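> Structure in structure tokens, see below.
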Amino acid sequence: MFPVPDPMRRALDAARDAALAGEVPVGAVVVKDGVIIAVAANAPRTLSDPTAHAEIQAIRAAALALGSDRLEGCDLWVTLEPCAMCAGAIAHARIARLYYGAPDAKGGAVEHGPRFFGQPTCHHRPEIYAGIAETEAAGILRAFFGARR
């Protein structure tokens, strides 16, 4: 068992915060040159915004912090496999590396569903590292949904 890298630890904490707010517990962190520049959690219900996924929120915050729509050289750490919308945002932002925790067989678009980054129409593909703190990330989601059943 490997220690959980700090960016993923921060993403997991953000996911827990989302759960406390009644949001699906997903957290995301953007890192540039080893420094965390944005941390975000899912907030569609809180913001009445269906695009307010953790990844989108983190990308927006990072772009604002850097003053650029291109996040070249940045890494995105997220607790759940990104959906198609978030995968598109990752490509448009030119994220260099994507690290994610739990796979999402129903809504994921990286290793499931449309496999967004493998499509010929995708013009930017980040390096992808899956399964980072997968058990913990999946456990947070299971607990959240189990409490609602």
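Quick note on naming: the chains in the structure tokens go A, B, ... in the order shown, residues restart at 1 in each chain, and ligands are numbered from 1 in order of appearance.
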When DSSP works through the backbone of this structure, what residues of chain A end up as helix (DSSP H, G or I), shown as a ChimeraX atom specification?
/A:6-20,44-47,54-66,84-93,116-118,134-146
> Near Ala58 of chain A, within 6 Å and counting only C-alpha atoms, which residues show up once chain neighbours fewer than 2 positions away are dropped, as a list in words?
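Here the qualifying residues turn out to be Ala38, Val39, Ala40, Glu55, Ile56, Arg60 and Ala61 of chain A.
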> From the set A:Val26, A:Cys83, A:Ala19, A:Leu71, which residue has the shortest atom-to-atom contact distance to Ala137 of chain A, counting only C-alpha atoms?
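Under the stated criterion, the closest residue is A:Val26.
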> In Å to one decimal, how far is atom CA of Ala93 of chain A from atom CA of Gly34 of chain A?
18.0 Å
> Give me, as a PyMOL selection string, all polymer residues having an atom no more than 12 Å from Phe144 of chain A, counting only C-alpha atoms and skipping those fewer than 2 positions away in the same chain.
chain A and resi 15-26+137-142+146-149
> Those residues with C-alpha atoms, as a PDB file, in the first residue's frame please?

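part.pdb written:
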```pdb
ATOM      1  CA  ALA A  15     -15.148  15.266  -1.441  1.00  0.00           C
ATOM      2  CA  ARG A  16     -16.025  14.792   2.228  1.00  0.00           C
ATOM      3  CA  ASP A  17     -16.912  18.499   2.446  1.00  0.00           C
ATOM      4  CA  ALA A  18     -19.201  18.071  -0.580  1.00  0.00           C
ATOM      5  CA  ALA A  19     -20.972  15.161   1.132  1.00  0.00           C
ATOM      6  CA  LEU A  20     -21.564  17.293   4.234  1.00  0.00           C
ATOM      7  CA  ALA A  21     -23.156  19.911   1.957  1.00  0.00           C
ATOM      8  CA  GLY A  22     -25.446  17.258   0.452  1.00  0.00           C
ATOM      9  CA  GLU A  23     -23.527  17.153  -2.837  1.00  0.00           C
ATOM     10  CA  VAL A  24     -22.255  13.990  -4.519  1.00  0.00           C
ATOM     11  CA  PRO A  25     -18.828  13.644  -2.851  1.00  0.00           C
ATOM     12  CA  VAL A  26     -16.276  14.431  -5.517  1.00  0.00           C
ATOM     13  CA  ALA A 137     -12.527   7.479  -2.885  1.00  0.00           C
ATOM     14  CA  ALA A 138     -15.007   4.697  -3.641  1.00  0.00           C
ATOM     15  CA  GLY A 139     -15.735   4.276   0.065  1.00  0.00           C
ATOM     16  CA  ILE A 140     -16.713   7.940   0.414  1.00  0.00           C
ATOM     17  CA  LEU A 141     -19.144   7.560  -2.501  1.00  0.00           C
ATOM     18  CA  ARG A 142     -20.577   4.263  -1.183  1.00  0.00           C
ATOM     19  CA  GLY A 146     -25.796   4.138   1.180  1.00  0.00           C
ATOM     20  CA  ALA A 147     -27.069   6.757   3.619  1.00  0.00           C
ATOM     21  CA  ARG A 148     -29.639   7.887   1.042  1.00  0.00           C
ATOM     22  CA  ARG A 149     -31.112   4.456   0.336  1.00  0.00           C
TER      23      ARG A 149
END
```
> Within 12 Å of Gln119 of chain A, counting only C-alpha atoms, which residues qualify if same-chain residues fewer than 2 places away don't, as a ChimeraX atom specification?
/A:84,87-88,91,109-111,113-117,121-125
> Keeping only N, CA, C and O atoms, write those residues as an mmCIF file, in the first residue's frame.

```cif
data_model
loop_
_atom_site.group_PDB
_atom_site.id
_atom_site.type_symbol
_atom_site.label_atom_id
_atom_site.label_comp_id
_atom_site.auth_asym_id
_atom_site.auth_seq_id
_atom_site.Cartn_x
_atom_site.Cartn_y
_atom_site.Cartn_z
ATOM 1 N N ALA A 84 -17.955 13.000 -19.341
ATOM 2 C CA ALA A 84 -17.634 13.544 -20.665
ATOM 3 C C ALA A 84 -17.472 15.064 -20.630
ATOM 4 O O ALA A 84 -16.566 15.618 -21.261
ATOM 5 N N ALA A 87 -14.145 15.765 -18.965
ATOM 6 C CA ALA A 87 -13.055 15.349 -19.851
ATOM 7 C C ALA A 87 -12.857 16.392 -20.951
ATOM 8 O O ALA A 87 -11.718 16.736 -21.293
ATOM 9 N N GLY A 88 -13.950 16.918 -21.489
ATOM 10 C CA GLY A 88 -13.845 17.975 -22.491
ATOM 11 C C GLY A 88 -13.170 19.210 -21.929
ATOM 12 O O GLY A 88 -12.310 19.818 -22.583
ATOM 13 N N ALA A 91 -9.440 18.632 -21.608
ATOM 14 C CA ALA A 91 -8.773 18.754 -22.908
ATOM 15 C C ALA A 91 -8.649 20.223 -23.321
ATOM 16 O O ALA A 91 -7.579 20.666 -23.748
ATOM 17 N N ALA A 109 -15.958 8.881 -18.389
ATOM 18 C CA ALA A 109 -15.702 9.022 -19.824
ATOM 19 C C ALA A 109 -14.227 8.878 -20.168
ATOM 20 O O ALA A 109 -13.812 9.222 -21.265
ATOM 21 N N VAL A 110 -13.441 8.359 -19.224
ATOM 22 C CA VAL A 110 -12.018 8.172 -19.478
ATOM 23 C C VAL A 110 -11.747 6.716 -19.836
ATOM 24 O O VAL A 110 -11.310 6.407 -20.933
ATOM 25 N N GLU A 111 -12.039 5.818 -18.901
ATOM 26 C CA GLU A 111 -11.881 4.389 -19.188
ATOM 27 C C GLU A 111 -13.222 3.710 -19.441
ATOM 28 O O GLU A 111 -13.270 2.537 -19.780
ATOM 29 N N GLY A 113 -17.577 4.406 -20.883
ATOM 30 C CA GLY A 113 -18.400 5.227 -21.773
ATOM 31 C C GLY A 113 -17.677 5.611 -23.056
ATOM 32 O O GLY A 113 -17.102 4.755 -23.726
ATOM 33 N N PRO A 114 -17.661 6.903 -23.379
ATOM 34 C CA PRO A 114 -17.097 7.335 -24.661
ATOM 35 C C PRO A 114 -15.579 7.277 -24.747
ATOM 36 O O PRO A 114 -15.024 7.451 -25.821
ATOM 37 N N ARG A 115 -14.897 7.031 -23.621
ATOM 38 C CA ARG A 115 -13.424 7.016 -23.627
ATOM 39 C C ARG A 115 -12.912 8.245 -24.394
ATOM 40 O O ARG A 115 -12.204 8.143 -25.394
ATOM 41 N N PHE A 116 -13.292 9.384 -23.866
ATOM 42 C CA PHE A 116 -13.114 10.681 -24.510
ATOM 43 C C PHE A 116 -11.716 10.912 -25.095
ATOM 44 O O PHE A 116 -11.573 11.351 -26.229
ATOM 45 N N PHE A 117 -10.680 10.631 -24.297
ATOM 46 C CA PHE A 117 -9.326 10.955 -24.737
ATOM 47 C C PHE A 117 -8.806 10.024 -25.832
ATOM 48 O O PHE A 117 -7.782 10.318 -26.442
ATOM 49 N N THR A 121 -11.271 12.950 -32.450
ATOM 50 C CA THR A 121 -11.629 14.368 -32.408
ATOM 51 C C THR A 121 -11.093 15.067 -31.164
ATOM 52 O O THR A 121 -11.223 16.288 -31.038
ATOM 53 N N CYS A 122 -10.483 14.336 -30.251
ATOM 54 C CA CYS A 122 -9.892 14.929 -29.055
ATOM 55 C C CYS A 122 -8.506 15.452 -29.433
ATOM 56 O O CYS A 122 -7.630 14.686 -29.828
ATOM 57 N N HIS A 123 -8.308 16.749 -29.286
ATOM 58 C CA HIS A 123 -7.065 17.372 -29.737
ATOM 59 C C HIS A 123 -5.990 17.483 -28.663
ATOM 60 O O HIS A 123 -4.866 17.864 -28.950
ATOM 61 N N HIS A 124 -6.340 17.200 -27.427
ATOM 62 C CA HIS A 124 -5.343 17.187 -26.353
ATOM 63 C C HIS A 124 -5.653 16.020 -25.425
ATOM 64 O O HIS A 124 -6.782 15.882 -24.956
ATOM 65 N N ARG A 125 -4.645 15.223 -25.158
ATOM 66 C CA ARG A 125 -4.796 14.070 -24.275
ATOM 67 C C ARG A 125 -3.802 14.193 -23.119
ATOM 68 O O ARG A 125 -2.596 14.192 -23.347
#
```
> I'd like the neighbourhood of Gly131 of chain A as number ranges by chain, where a residue qualifies if any of its atoms comes within 6 Å (using only C-alpha atoms), though same-chain residues fewer than 3 positions away should be ignored.
A: 101-102, 134
